[in-house]
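Chemist: Structure file final-v7.cif (mmCIF, C-alpha atoms) is given on the next line.
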```cif
data_work
#
loop_
_atom_site.label_atom_id
_atom_site.label_comp_id
_atom_site.auth_asym_id
_atom_site.auth_seq_id
_atom_site.Cartn_x
_atom_site.Cartn_y
_atom_site.Cartn_z
CA MET P 1 -24.90 -17.35 -6.46
CA ASN P 2 -21.63 -16.13 -7.89
CA ASP P 3 -19.53 -14.36 -5.25
CA THR P 4 -18.91 -11.07 -7.06
CA GLN P 5 -17.31 -9.20 -4.16
CA TRP P 6 -19.75 -6.39 -5.17
CA PRO P 7 -19.69 -3.88 -8.05
CA LEU P 8 -17.02 -1.17 -8.32
CA TRP P 9 -17.65 2.53 -7.58
CA GLU P 10 -15.34 5.49 -8.18
CA VAL P 11 -14.94 7.81 -5.20
CA PHE P 12 -14.61 11.61 -5.24
CA VAL P 13 -13.89 13.53 -2.04
CA GLN P 14 -14.21 17.25 -1.32
CA GLY P 15 -11.47 18.13 1.13
CA ASN P 16 -12.73 21.54 2.30
CA PRO P 17 -15.67 23.85 1.59
CA GLY P 18 -15.28 25.78 -1.65
CA ILE P 19 -12.93 23.42 -3.47
CA PRO P 20 -13.88 20.82 -6.10
CA HIS P 21 -14.39 17.11 -5.43
CA LYS P 22 -11.29 15.11 -6.39
CA HIS P 23 -11.00 11.48 -7.47
CA VAL P 24 -9.31 9.42 -4.72
CA GLY P 25 -9.82 5.78 -5.75
CA SER P 26 -12.57 3.18 -5.78
CA VAL P 27 -14.56 0.88 -3.49
CA HIS P 28 -16.70 -2.22 -3.87
CA ALA P 29 -20.31 -1.93 -2.64
CA PRO P 30 -23.75 -3.41 -3.36
CA ASP P 31 -25.44 0.01 -3.61
CA ALA P 32 -24.75 3.75 -3.45
CA GLU P 33 -25.50 4.06 0.25
CA ILE P 34 -22.98 1.40 1.28
CA ALA P 35 -20.52 2.73 -1.31
CA ILE P 36 -20.60 6.09 0.50
CA GLN P 37 -20.15 4.42 3.90
CA ASN P 38 -17.27 2.27 2.65
CA ALA P 39 -15.68 5.30 0.97
CA ARG P 40 -15.87 7.17 4.29
CA ASP P 41 -14.10 4.30 6.08
CA VAL P 42 -11.49 3.76 3.39
CA TYR P 43 -10.66 7.31 2.26
CA THR P 44 -11.53 9.71 5.10
CA ARG P 45 -10.26 8.17 8.35
CA ARG P 46 -8.24 11.31 9.16
CA SER P 47 -10.61 14.17 8.35
CA GLU P 48 -9.63 14.24 4.66
CA GLY P 49 -13.13 15.18 3.56
CA ILE P 50 -16.41 16.97 4.16
CA SER P 51 -18.33 15.51 1.20
CA ILE P 52 -18.21 12.29 -0.85
CA TRP P 53 -19.53 11.43 -4.32
CA VAL P 54 -19.67 7.85 -5.59
CA VAL P 55 -20.30 6.87 -9.21
CA PRO P 56 -20.63 3.34 -10.65
CA SER P 57 -17.27 2.79 -12.39
CA ASN P 58 -18.94 1.57 -15.57
CA ALA P 59 -20.92 4.83 -15.83
CA ILE P 60 -17.76 6.86 -16.49
CA SER P 61 -16.72 7.55 -20.08
CA ALA P 62 -13.30 8.99 -20.75
CA SER P 63 -11.30 10.44 -23.63
CA THR P 64 -8.57 8.18 -24.98
CA PRO P 65 -4.91 9.03 -24.25
CA GLU P 66 -3.81 7.94 -27.77
CA ASP P 67 -5.92 10.67 -29.36
CA GLN P 68 -4.79 13.28 -26.87
CA GLY P 69 -2.90 15.36 -29.43
CA ALA P 70 -5.58 15.54 -32.10
CA PHE P 71 -8.42 15.74 -29.61
CA PHE P 72 -7.16 18.83 -27.81
CA GLU P 73 -5.54 20.36 -30.90
CA PRO P 74 -8.44 22.73 -31.76
CA SER P 75 -7.68 24.85 -28.71
CA ASN P 76 -4.10 25.43 -29.86
CA ASP P 77 -4.94 27.16 -33.13
CA LYS P 78 -7.11 29.82 -31.52
CA PRO P 79 -4.57 32.06 -29.79
CA TYR P 80 -7.05 34.94 -30.06
CA ARG P 81 -8.91 33.37 -27.10
CA HIS P 82 -6.13 34.51 -24.80
CA PRO P 83 -5.94 38.14 -23.64
CA THR P 84 -2.19 38.23 -24.45
CA PHE P 85 -3.07 37.97 -28.19
CA TYR P 86 -4.09 41.64 -28.20
CA LYS P 87 -1.62 44.52 -28.16
CA ILE P 88 -2.81 47.46 -26.10
CA PRO P 89 -0.86 50.77 -26.15
CA ASP P 90 1.15 51.52 -22.99
CA GLY P 91 -0.90 54.47 -21.84
CA VAL P 92 -4.22 52.62 -21.74
CA LYS P 93 -5.26 51.45 -18.27
CA TYR P 94 -7.65 48.88 -16.80
CA LEU P 95 -7.70 46.57 -19.87
CA MET W 96 1.24 3.21 -34.23
CA GLU W 97 4.07 0.68 -34.14
CA ASP W 98 4.72 -0.93 -30.78
CA SER W 99 8.38 0.07 -30.90
CA LYS W 100 7.36 3.67 -31.39
CA LYS W 101 4.89 3.40 -28.48
CA LEU W 102 7.56 1.86 -26.29
CA GLU W 103 9.90 4.70 -27.11
CA GLN W 104 7.28 7.29 -26.12
CA PHE W 105 6.41 5.32 -22.96
CA GLU W 106 10.05 5.24 -21.84
CA ALA W 107 10.59 8.91 -22.70
CA LYS W 108 7.57 9.81 -20.59
CA ILE W 109 8.92 7.90 -17.59
CA ALA W 110 12.42 9.31 -18.05
CA SER W 111 10.98 12.84 -17.97
CA GLY W 112 9.31 12.08 -14.63
CA GLN W 113 5.72 11.84 -15.89
CA LYS W 114 3.37 9.24 -14.41
CA ILE W 115 1.76 6.47 -16.44
CA GLU W 116 -2.04 6.48 -16.03
CA PRO W 117 -4.44 3.51 -16.38
CA LYS W 118 -5.59 4.19 -19.95
CA ASP W 119 -2.11 5.01 -21.30
CA TRP W 120 -0.36 2.49 -23.51
CA MET W 121 2.06 0.30 -21.54
CA PRO W 122 4.19 -2.76 -22.36
CA GLU W 123 2.62 -6.05 -21.29
CA ALA W 124 5.64 -6.84 -19.07
CA TYR W 125 5.11 -3.55 -17.20
CA ARG W 126 1.44 -4.30 -16.61
CA LYS W 127 2.15 -7.87 -15.50
CA GLN W 128 4.94 -6.91 -13.12
CA LEU W 129 2.81 -4.18 -11.55
CA ILE W 130 -0.18 -6.48 -11.07
CA ARG W 131 2.10 -9.01 -9.39
CA MET W 132 3.79 -6.46 -7.13
CA MET W 133 0.71 -4.42 -6.22
CA SER W 134 -1.53 -7.41 -5.50
CA GLN W 135 1.23 -8.99 -3.41
CA HIS W 136 1.45 -5.71 -1.53
CA ALA W 137 -2.35 -5.61 -1.02
CA HIS W 138 -2.39 -9.23 0.19
CA SER W 139 0.38 -8.40 2.70
CA GLU W 140 -1.72 -5.59 4.19
CA ILE W 141 -4.72 -7.90 4.56
CA VAL W 142 -2.83 -10.91 5.95
CA GLY W 143 -0.85 -8.48 8.12
CA MET W 144 -4.01 -7.81 10.12
CA LEU W 145 -4.00 -11.36 11.47
CA PRO W 146 -0.91 -11.39 13.74
CA GLU W 147 -1.91 -8.05 15.26
CA GLY W 148 -5.61 -8.86 15.47
CA ASN W 149 -4.47 -11.67 17.75
CA TRP W 150 -3.82 -9.06 20.50
CA ILE W 151 -6.82 -6.73 20.19
CA THR W 152 -8.79 -8.50 22.92
CA ARG W 153 -5.72 -8.75 25.15
CA ALA W 154 -4.24 -5.26 24.84
CA PRO W 155 -3.05 -4.15 28.30
CA SER W 156 -5.14 -0.96 28.50
CA LEU W 157 -8.10 0.73 26.85
CA ARG W 158 -5.70 3.26 25.29
CA ARG W 159 -3.60 0.50 23.74
CA LYS W 160 -6.68 -1.35 22.57
CA ALA W 161 -8.12 1.72 20.81
CA ILE W 162 -4.74 2.39 19.15
CA LEU W 163 -4.34 -1.22 17.99
CA LEU W 164 -7.89 -1.29 16.60
CA ALA W 165 -7.20 1.91 14.64
CA LYS W 166 -3.93 0.49 13.35
CA VAL W 167 -5.48 -2.77 12.19
CA GLN W 168 -8.29 -0.79 10.52
CA ASP W 169 -5.61 1.23 8.70
CA GLU W 170 -4.06 -2.01 7.39
CA ALA W 171 -7.45 -3.02 6.00
CA GLY W 172 -7.67 0.41 4.40
CA HIS W 173 -4.20 0.05 2.87
CA GLY W 174 -5.18 -3.30 1.42
CA LEU W 175 -8.27 -1.69 -0.12
CA TYR W 176 -6.38 1.28 -1.63
CA LEU W 177 -3.96 -1.18 -3.17
CA TYR W 178 -6.60 -3.55 -4.55
CA SER W 179 -8.36 -0.51 -5.98
CA ALA W 180 -5.12 0.71 -7.58
CA THR W 181 -4.43 -2.79 -8.96
CA GLU W 182 -7.89 -2.97 -10.51
CA THR W 183 -7.04 0.06 -12.68
CA LEU W 184 -4.72 -2.32 -14.58
CA GLY W 185 -7.72 -4.32 -15.78
CA VAL W 186 -7.90 -7.12 -13.21
CA ASP W 187 -10.78 -7.97 -10.88
CA ARG W 188 -10.32 -8.00 -7.10
CA LYS W 189 -12.26 -11.27 -6.98
CA ASP W 190 -9.53 -12.91 -9.09
CA LEU W 191 -6.74 -11.43 -6.98
CA LEU W 192 -8.33 -12.80 -3.80
CA GLU W 193 -8.71 -16.17 -5.47
CA GLN W 194 -4.97 -16.17 -6.23
CA LEU W 195 -4.24 -15.42 -2.56
CA HIS W 196 -6.56 -18.13 -1.29
CA THR W 197 -5.24 -20.81 -3.62
CA GLY W 198 -1.64 -19.96 -2.70
CA LYS W 199 -0.82 -18.81 -6.23
CA ALA W 200 -0.08 -15.26 -5.02
CA LYS W 201 2.40 -14.48 -2.25
CA TYR W 202 2.31 -12.03 0.63
CA SER W 203 5.15 -10.71 2.78
CA SER W 204 7.19 -13.42 4.52
CA ILE W 205 7.11 -11.46 7.79
CA PHE W 206 3.48 -12.26 8.58
CA ASN W 207 4.23 -15.94 8.89
CA TYR W 208 5.84 -15.39 12.29
CA PRO W 209 3.74 -15.66 15.49
CA THR W 210 2.92 -12.85 17.94
CA LEU W 211 3.70 -14.55 21.25
CA THR W 212 3.67 -11.63 23.70
CA TRP W 213 2.35 -8.05 23.90
CA ALA W 214 5.88 -6.81 23.14
CA ASP W 215 5.54 -8.38 19.67
CA ILE W 216 2.91 -5.74 18.88
CA GLY W 217 5.51 -3.10 19.75
CA ALA W 218 8.15 -4.86 17.65
CA ILE W 219 5.85 -5.11 14.64
CA GLY W 220 4.98 -1.41 14.66
CA TRP W 221 8.56 -0.35 15.24
CA LEU W 222 10.43 -2.82 13.02
CA VAL W 223 8.00 -4.27 10.48
CA ASP W 224 6.20 -1.00 9.76
CA GLY W 225 9.56 0.77 9.97
CA ALA W 226 11.02 -1.49 7.27
CA ALA W 227 7.83 -1.16 5.20
CA ILE W 228 8.12 2.65 5.31
CA MET W 229 11.65 2.48 3.86
CA ASN W 230 10.34 0.43 0.97
CA GLN W 231 7.15 2.40 0.46
CA THR W 232 8.69 5.87 0.45
CA ALA W 233 10.84 4.63 -2.46
CA LEU W 234 7.79 3.21 -4.25
CA ALA W 235 5.92 6.51 -3.87
CA ARG W 236 8.31 7.86 -6.53
CA GLY W 237 7.42 5.05 -8.94
CA SER W 238 6.05 5.61 -12.44
CA TYR W 239 2.56 4.15 -12.19
CA GLY W 240 0.21 6.95 -11.06
CA PRO W 241 -2.39 5.00 -9.05
CA TYR W 242 0.29 2.97 -7.20
CA ALA W 243 2.44 6.00 -6.42
CA ARG W 244 -0.58 7.94 -5.13
CA ALA W 245 -1.65 5.03 -2.92
CA MET W 246 1.90 4.88 -1.53
CA VAL W 247 1.81 8.56 -0.58
CA ARG W 248 -1.37 8.03 1.45
CA ILE W 249 -0.04 4.85 3.03
CA CYS W 250 3.28 6.39 4.05
CA LYS W 251 1.50 9.20 5.89
CA GLU W 252 -0.46 6.64 7.91
CA GLU W 253 2.46 4.28 8.53
CA SER W 254 4.22 6.94 10.53
CA PHE W 255 1.60 6.56 13.28
CA HIS W 256 2.07 2.76 13.19
CA ASN W 257 5.81 3.13 13.53
CA ARG W 258 5.63 5.52 16.48
CA GLN W 259 2.99 3.63 18.46
CA GLY W 260 5.17 0.50 18.17
CA TYR W 261 8.28 2.30 19.37
CA GLU W 262 6.28 3.77 22.26
CA ILE W 263 5.19 0.27 23.34
CA MET W 264 8.82 -0.93 23.25
CA MET W 265 10.07 2.13 25.10
CA GLN W 266 7.49 1.73 27.85
CA LEU W 267 8.36 -1.94 28.32
CA ALA W 268 12.10 -1.24 28.19
CA GLN W 269 11.68 1.30 30.99
CA GLY W 270 9.42 -0.99 33.04
CA THR W 271 10.14 -3.89 35.40
CA PRO W 272 13.04 -6.28 34.62
CA GLU W 273 10.47 -8.80 33.31
CA GLN W 274 8.94 -6.19 31.01
CA LYS W 275 12.35 -5.17 29.71
CA GLU W 276 13.15 -8.82 29.10
CA MET W 277 9.90 -9.21 27.19
CA ALA W 278 10.84 -6.26 24.96
CA GLN W 279 14.33 -7.65 24.35
CA ASP W 280 12.90 -11.09 23.54
CA ALA W 281 10.54 -9.56 20.96
CA LEU W 282 13.42 -7.64 19.37
CA ASN W 283 15.48 -10.85 19.29
CA ARG W 284 12.75 -12.70 17.42
CA TRP W 285 11.67 -9.92 15.02
CA TRP W 286 14.99 -8.29 14.07
CA TRP W 287 16.16 -10.83 11.50
CA PRO W 288 12.74 -11.44 9.90
CA ALA W 289 12.37 -7.63 9.58
CA ILE W 290 15.80 -7.39 7.93
CA MET W 291 14.84 -10.21 5.55
CA MET W 292 11.40 -8.89 4.62
CA LEU W 293 13.11 -6.26 2.44
CA GLY W 294 13.94 -9.08 0.05
CA PRO W 295 16.96 -11.15 -1.03
CA GLY W 296 20.36 -9.51 -1.34
CA ASP W 297 21.31 -7.82 -4.60
CA ASP W 298 23.64 -10.72 -5.50
CA GLN W 299 20.69 -13.14 -5.36
CA SER W 300 18.10 -10.83 -6.87
CA PRO W 301 19.70 -8.98 -9.75
CA ASN W 302 17.53 -5.91 -10.17
CA SER W 303 16.36 -6.00 -13.68
CA GLU W 304 17.75 -2.95 -15.38
CA GLN W 305 14.42 -2.71 -17.18
CA LEU W 306 12.32 -2.52 -13.97
CA MET W 307 14.58 0.24 -12.67
CA ARG W 308 14.37 2.12 -15.99
CA TRP W 309 10.58 1.78 -15.96
CA LYS W 310 10.53 3.01 -12.33
CA VAL W 311 8.66 -0.06 -11.12
CA LYS W 312 11.50 -0.74 -8.72
CA MET W 313 13.20 2.36 -7.37
CA GLU W 314 16.05 1.09 -5.24
CA SER W 315 17.88 -2.18 -4.63
CA ASN W 316 16.88 -4.37 -1.66
CA ASP W 317 20.29 -3.98 -0.04
CA ALA W 318 20.21 -0.19 -0.31
CA ILE W 319 16.82 -0.05 1.41
CA ARG W 320 17.97 -2.57 4.03
CA GLN W 321 21.06 -0.48 4.81
CA ARG W 322 18.96 2.64 5.36
CA PHE W 323 16.61 0.73 7.65
CA ILE W 324 19.50 -0.59 9.77
CA ASP W 325 21.23 2.80 9.94
CA ARG W 326 18.07 4.44 11.23
CA THR W 327 16.91 1.69 13.58
CA VAL W 328 20.09 0.77 15.50
CA PRO W 329 20.32 4.15 17.29
CA GLN W 330 16.60 3.89 18.18
CA ALA W 331 17.28 0.56 19.91
CA GLU W 332 20.29 1.99 21.73
CA PHE W 333 18.25 4.94 22.95
CA ILE W 334 15.83 2.69 24.85
CA GLY W 335 18.57 0.36 26.06
CA LEU W 336 17.74 -2.67 23.91
CA LYS W 337 20.38 -4.73 22.14
CA ILE W 338 20.21 -5.63 18.44
CA PRO W 339 20.69 -9.44 18.26
CA ASP W 340 23.65 -9.34 15.87
CA LYS W 341 27.08 -9.90 17.40
CA ASP W 342 28.79 -8.75 14.19
CA LEU W 343 26.96 -5.43 14.03
CA LYS W 344 29.39 -2.50 14.00
CA PHE W 345 29.50 1.08 12.87
CA ASN W 346 31.95 1.86 10.12
CA GLU W 347 33.26 5.39 10.72
CA ALA W 348 34.64 5.63 7.21
CA THR W 349 31.39 4.82 5.37
CA GLY W 350 29.02 6.22 8.00
CA HIS W 351 27.02 2.96 7.85
CA TYR W 352 26.43 -0.01 10.10
CA GLU W 353 27.81 -3.36 8.95
CA HIS W 354 25.68 -6.38 9.83
CA GLY W 355 26.39 -10.09 10.27
CA PRO W 356 25.39 -12.82 7.79
CA ILE W 357 21.68 -13.18 7.05
CA ASN W 358 20.13 -16.65 7.20
CA TRP W 359 18.61 -16.67 3.72
CA ASP W 360 17.77 -20.38 3.98
CA GLU W 361 15.18 -19.43 6.61
CA PHE W 362 13.78 -16.69 4.36
CA PHE W 363 13.35 -19.02 1.38
CA GLU W 364 11.79 -21.72 3.57
CA VAL W 365 9.18 -19.21 4.83
CA ILE W 366 8.52 -18.03 1.26
CA LYS W 367 8.04 -21.64 0.21
CA GLY W 368 5.33 -22.02 2.85
CA ASN W 369 7.31 -23.62 5.66
CA GLY W 370 7.33 -20.72 8.13
CA PRO W 371 5.86 -21.11 11.62
CA CYS W 372 2.40 -19.73 10.70
CA ASN W 373 1.95 -20.04 6.90
CA ALA W 374 -0.77 -22.66 7.11
CA LYS W 375 -2.63 -20.86 9.90
CA ARG W 376 -2.58 -17.47 8.15
CA LEU W 377 -3.99 -18.88 4.94
CA LYS W 378 -6.61 -20.90 6.77
CA ASP W 379 -7.74 -17.85 8.79
CA ARG W 380 -7.89 -15.67 5.66
CA ILE W 381 -10.00 -18.20 3.75
CA GLU W 382 -12.24 -18.62 6.79
CA ALA W 383 -12.74 -14.83 7.05
CA ASP W 384 -13.66 -14.69 3.38
CA LYS W 385 -16.13 -17.56 3.75
CA LYS W 386 -17.72 -16.06 6.85
CA GLY W 387 -18.24 -12.76 5.02
CA ARG W 388 -19.87 -14.32 2.01
CA TRP W 389 -23.45 -14.32 3.34
CA VAL W 390 -23.10 -10.62 4.15
CA ARG W 391 -22.04 -9.86 0.59
CA GLU W 392 -24.91 -11.90 -0.81
CA ALA W 393 -27.54 -10.47 1.57
CA ALA W 394 -26.46 -6.88 0.84
CA LEU W 395 -26.67 -7.53 -2.92
CA ALA W 396 -30.13 -9.11 -2.57
CA TYR W 397 -31.29 -6.15 -0.47
CA ALA W 398 -29.93 -3.68 -3.04
CA ALA W 399 -31.74 -5.56 -5.83
CA LYS W 400 -35.01 -5.55 -3.85
CA ARG W 401 -34.84 -1.82 -3.22
CA GLU W 402 -34.04 -1.18 -6.87
CA LYS W 403 -37.18 -3.12 -7.82
CA GLU W 404 -39.33 -1.18 -5.35
CA LYS W 405 -38.03 2.06 -6.85
CA VAL W 406 -39.17 0.98 -10.31
CA VAL W 407 -42.67 0.06 -9.07
CA ALA W 408 -43.06 3.33 -7.17
#
```
Please, can you express the file's structure as C-alpha cells?
Modeler:
Amino acid sequence: MNDTQWPLWEVFVQGNPGIPHKHVGSVHAPDAEIAIQNARDVYTRRSEGISIWVVPSNAISASTPEDQGAFFEPSNDKPYRHPTFYKIPDGVKYL
Amino acid sequence: MEDSKKLEQFEAKIASGQKIEPKDWMPEAYRKQLIRMMSQHAHSEIVGMLPEGNWITRAPSLRRKAILLAKVQDEAGHGLYLYSATETLGVDRKDLLEQLHTGKAKYSSIFNYPTLTWADIGAIGWLVDGAAIMNQTALARGSYGPYARAMVRICKEESFHNRQGYEIMMQLAQGTPEQKEMAQDALNRWWWPAIMMLGPGDDQSPNSEQLMRWKVKMESNDAIRQRFIDRTVPQAEFIGLKIPDKDLKFNEATGHYEHGPINWDEFFEVIKGNGPCNAKRLKDRIEADKKGRWVREAALAYAAKREKEKVVA
C-alpha cells in the first residue's frame, strides 16, 4: 500500500458565537471525523475556536486571480446600487 | 500576459505591502526558495521535538512535565502549520518528508546537539526559542500570505516556550550550588550553537538583493543575531549566569554588545552532518515515521470500510 500520509482537508474555525467561520489552514486525515479531531489539536490549542468545519481540499473551487479585474468588473459599472448615488434634498429626514 | 509584465506587477504588489496568495502568479525562483525555506522550517519544528522529548519522562516535577508535554505538542503543531502552508505552493507533504528522511532537506543545526541535563531544557526554551522568535517575528512580515500567517500564530506560542525556559534557568540559578552549576554548564554549551543557528555572517552569506526585494528574507542574519544578543545578555546577568564569551562587551557609543569570534567551522561541520547527534536525530525521525505507518494505513482502511457501509445502507 502506498503511504499517502492521508488526504488533505481545509479547516475553518469559528472563533466566537455570532461570527463567521474563517479559513485557518489544512490538515491531513483519513476521514472527516479524524480531520475534525486533528484540526482541534492543530488549530485550537488555546481556545481559538468554538466550532470547526473541515472540507476535502479537492472539493473547493476558486476564482482565478488573473481574471480578477474582468471577473469583478460588473459591480463597478452599477454605481446606482449604492445609496450615495442618489441626491436627497437637505430637509428630507430618515432616508 | 508576458512574463516580464507579470513580474513587474508581482514586484509592485510586494512593494506596496500586499501579500502574495497561493493562486497568484509568482516567479519560479520565488516559489522554489519558499518551498526550500518553509519545508526546512517545518522539518526543524518536527526534529526539534526529539531533544526535548528526551526529558519528558524525567522532568523533575508534575508541573514541569505537563509544561514540557504542552511545549513539545506545540512544536508538532508548528511543524504541521508550516507543512500545510508549504503545501499551498503545490508540493505534497509526503514528498517533503521523503526529502527529510533521505537527507536531501536540511533542518536547523541546533537540534544536532544533545540534551545532557535538565538545565538543557531551560537553555533550549530560553536561548533556542528566544533566537527563533527573533527570526520568526521578522518572517511574519514576509510577502507570502500563508507563511506570514503561520509565523504570526507561531510567534504567539513561542513566547510561552521562551518564558518557561527562562523560568527553569532562573530556578536552577537560585538553587543549590550544584543546581547553579548545572544551569551555567547548560548556558556554556548552548550559547554558541544558539548564536550560530541564526545563520552564517553577512560576509559569508550575501543576502540576495532579490530575496530581500521579494520579502522572502526580511533582515540579515547578523542584524537578527545582534538583536538576540542585546536582549539576552541582560537576562543572563539578571539571574547571575555568565555568558561564555570573554570578548563580550557593551559598546556605549553604539548601544550594542560586541561579541567574540564565532567558530563557523563547527557550524559548517554540523550542517554537513558531523554534529554530535545528526545520525541519531535522523534515525529516530525515520523510526517514528515507520512506527506510525500502520496507524495511517489502518485508519485509511477503516475510513474506506465505513464509506462502503454508508453506500450499502
Chemist: Excluding Cys372 (chain W) and residues on its chain fewer than 6 positions from it, collect all residues at most 8 Å away from it, counting only C-alpha atoms, and give them as number ranges by chain.
Modeler: W: 206-209
Chemist: I need the output of the PyMOL selection byres ((chain P) within 12 of (chain W)) for this file as number ranges by chain; which residues are they?
Modeler: P: 1-11, 23-35, 38-46, 48, 57, 61-68
Chemist: Go ahead and save the picked residues with C-alpha atoms, as an mmCIF file, in the frame of the given file.
Modeler:
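The resulting file, selection06.cif, is shown below:
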```cif
data_model
loop_
_atom_site.group_PDB
_atom_site.id
_atom_site.type_symbol
_atom_site.label_atom_id
_atom_site.label_comp_id
_atom_site.auth_asym_id
_atom_site.auth_seq_id
_atom_site.Cartn_x
_atom_site.Cartn_y
_atom_site.Cartn_z
ATOM 1 C CA MET P 1 -24.900 -17.350 -6.460
ATOM 2 C CA ASN P 2 -21.630 -16.130 -7.890
ATOM 3 C CA ASP P 3 -19.530 -14.360 -5.250
ATOM 4 C CA THR P 4 -18.910 -11.070 -7.060
ATOM 5 C CA GLN P 5 -17.310 -9.200 -4.160
ATOM 6 C CA TRP P 6 -19.750 -6.390 -5.170
ATOM 7 C CA PRO P 7 -19.690 -3.880 -8.050
ATOM 8 C CA LEU P 8 -17.020 -1.170 -8.320
ATOM 9 C CA TRP P 9 -17.650 2.530 -7.580
ATOM 10 C CA GLU P 10 -15.340 5.490 -8.180
ATOM 11 C CA VAL P 11 -14.940 7.810 -5.200
ATOM 12 C CA HIS P 23 -11.000 11.480 -7.470
ATOM 13 C CA VAL P 24 -9.310 9.420 -4.720
ATOM 14 C CA GLY P 25 -9.820 5.780 -5.750
ATOM 15 C CA SER P 26 -12.570 3.180 -5.780
ATOM 16 C CA VAL P 27 -14.560 0.880 -3.490
ATOM 17 C CA HIS P 28 -16.700 -2.220 -3.870
ATOM 18 C CA ALA P 29 -20.310 -1.930 -2.640
ATOM 19 C CA PRO P 30 -23.750 -3.410 -3.360
ATOM 20 C CA ASP P 31 -25.440 0.010 -3.610
ATOM 21 C CA ALA P 32 -24.750 3.750 -3.450
ATOM 22 C CA GLU P 33 -25.500 4.060 0.250
ATOM 23 C CA ILE P 34 -22.980 1.400 1.280
ATOM 24 C CA ALA P 35 -20.520 2.730 -1.310
ATOM 25 C CA ASN P 38 -17.270 2.270 2.650
ATOM 26 C CA ALA P 39 -15.680 5.300 0.970
ATOM 27 C CA ARG P 40 -15.870 7.170 4.290
ATOM 28 C CA ASP P 41 -14.100 4.300 6.080
ATOM 29 C CA VAL P 42 -11.490 3.760 3.390
ATOM 30 C CA TYR P 43 -10.660 7.310 2.260
ATOM 31 C CA THR P 44 -11.530 9.710 5.100
ATOM 32 C CA ARG P 45 -10.260 8.170 8.350
ATOM 33 C CA ARG P 46 -8.240 11.310 9.160
ATOM 34 C CA GLU P 48 -9.630 14.240 4.660
ATOM 35 C CA SER P 57 -17.270 2.790 -12.390
ATOM 36 C CA SER P 61 -16.720 7.550 -20.080
ATOM 37 C CA ALA P 62 -13.300 8.990 -20.750
ATOM 38 C CA SER P 63 -11.300 10.440 -23.630
ATOM 39 C CA THR P 64 -8.570 8.180 -24.980
ATOM 40 C CA PRO P 65 -4.910 9.030 -24.250
ATOM 41 C CA GLU P 66 -3.810 7.940 -27.770
ATOM 42 C CA ASP P 67 -5.920 10.670 -29.360
ATOM 43 C CA GLN P 68 -4.790 13.280 -26.870
#
```
Chemist: I need the residue set behind the PyMOL selection byres ((chain W and resi 256-270) around 10) for this file; please write it as a PDB file with C-alpha atoms, keeping the file's coordinate frame.
Modeler:
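Output below, filename part.pdb:
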```pdb
ATOM      1  CA  ARG W 159      -3.600   0.500  23.740  1.00  0.00           C
ATOM      2  CA  ILE W 162      -4.740   2.390  19.150  1.00  0.00           C
ATOM      3  CA  LEU W 163      -4.340  -1.220  17.990  1.00  0.00           C
ATOM      4  CA  ALA W 165      -7.200   1.910  14.640  1.00  0.00           C
ATOM      5  CA  LYS W 166      -3.930   0.490  13.350  1.00  0.00           C
ATOM      6  CA  VAL W 167      -5.480  -2.770  12.190  1.00  0.00           C
ATOM      7  CA  ASP W 169      -5.610   1.230   8.700  1.00  0.00           C
ATOM      8  CA  GLU W 170      -4.060  -2.010   7.390  1.00  0.00           C
ATOM      9  CA  TRP W 213       2.350  -8.050  23.900  1.00  0.00           C
ATOM     10  CA  ALA W 214       5.880  -6.810  23.140  1.00  0.00           C
ATOM     11  CA  ASP W 215       5.540  -8.380  19.670  1.00  0.00           C
ATOM     12  CA  ILE W 216       2.910  -5.740  18.880  1.00  0.00           C
ATOM     13  CA  GLY W 217       5.510  -3.100  19.750  1.00  0.00           C
ATOM     14  CA  ALA W 218       8.150  -4.860  17.650  1.00  0.00           C
ATOM     15  CA  ILE W 219       5.850  -5.110  14.640  1.00  0.00           C
ATOM     16  CA  GLY W 220       4.980  -1.410  14.660  1.00  0.00           C
ATOM     17  CA  TRP W 221       8.560  -0.350  15.240  1.00  0.00           C
ATOM     18  CA  LEU W 222      10.430  -2.820  13.020  1.00  0.00           C
ATOM     19  CA  VAL W 223       8.000  -4.270  10.480  1.00  0.00           C
ATOM     20  CA  ASP W 224       6.200  -1.000   9.760  1.00  0.00           C
ATOM     21  CA  GLY W 225       9.560   0.770   9.970  1.00  0.00           C
ATOM     22  CA  ALA W 226      11.020  -1.490   7.270  1.00  0.00           C
ATOM     23  CA  ALA W 227       7.830  -1.160   5.200  1.00  0.00           C
ATOM     24  CA  ILE W 228       8.120   2.650   5.310  1.00  0.00           C
ATOM     25  CA  CYS W 250       3.280   6.390   4.050  1.00  0.00           C
ATOM     26  CA  LYS W 251       1.500   9.200   5.890  1.00  0.00           C
ATOM     27  CA  GLU W 252      -0.460   6.640   7.910  1.00  0.00           C
ATOM     28  CA  GLU W 253       2.460   4.280   8.530  1.00  0.00           C
ATOM     29  CA  SER W 254       4.220   6.940  10.530  1.00  0.00           C
ATOM     30  CA  PHE W 255       1.600   6.560  13.280  1.00  0.00           C
ATOM     31  CA  THR W 271      10.140  -3.890  35.400  1.00  0.00           C
ATOM     32  CA  PRO W 272      13.040  -6.280  34.620  1.00  0.00           C
ATOM     33  CA  GLU W 273      10.470  -8.800  33.310  1.00  0.00           C
ATOM     34  CA  GLN W 274       8.940  -6.190  31.010  1.00  0.00           C
ATOM     35  CA  LYS W 275      12.350  -5.170  29.710  1.00  0.00           C
ATOM     36  CA  GLU W 276      13.150  -8.820  29.100  1.00  0.00           C
ATOM     37  CA  MET W 277       9.900  -9.210  27.190  1.00  0.00           C
ATOM     38  CA  ALA W 278      10.840  -6.260  24.960  1.00  0.00           C
ATOM     39  CA  GLN W 279      14.330  -7.650  24.350  1.00  0.00           C
ATOM     40  CA  ALA W 281      10.540  -9.560  20.960  1.00  0.00           C
ATOM     41  CA  LEU W 282      13.420  -7.640  19.370  1.00  0.00           C
ATOM     42  CA  GLN W 330      16.600   3.890  18.180  1.00  0.00           C
ATOM     43  CA  ALA W 331      17.280   0.560  19.910  1.00  0.00           C
ATOM     44  CA  PHE W 333      18.250   4.940  22.950  1.00  0.00           C
ATOM     45  CA  ILE W 334      15.830   2.690  24.850  1.00  0.00           C
ATOM     46  CA  GLY W 335      18.570   0.360  26.060  1.00  0.00           C
ATOM     47  CA  LEU W 336      17.740  -2.670  23.910  1.00  0.00           C
TER      48      LEU W 336
END
```
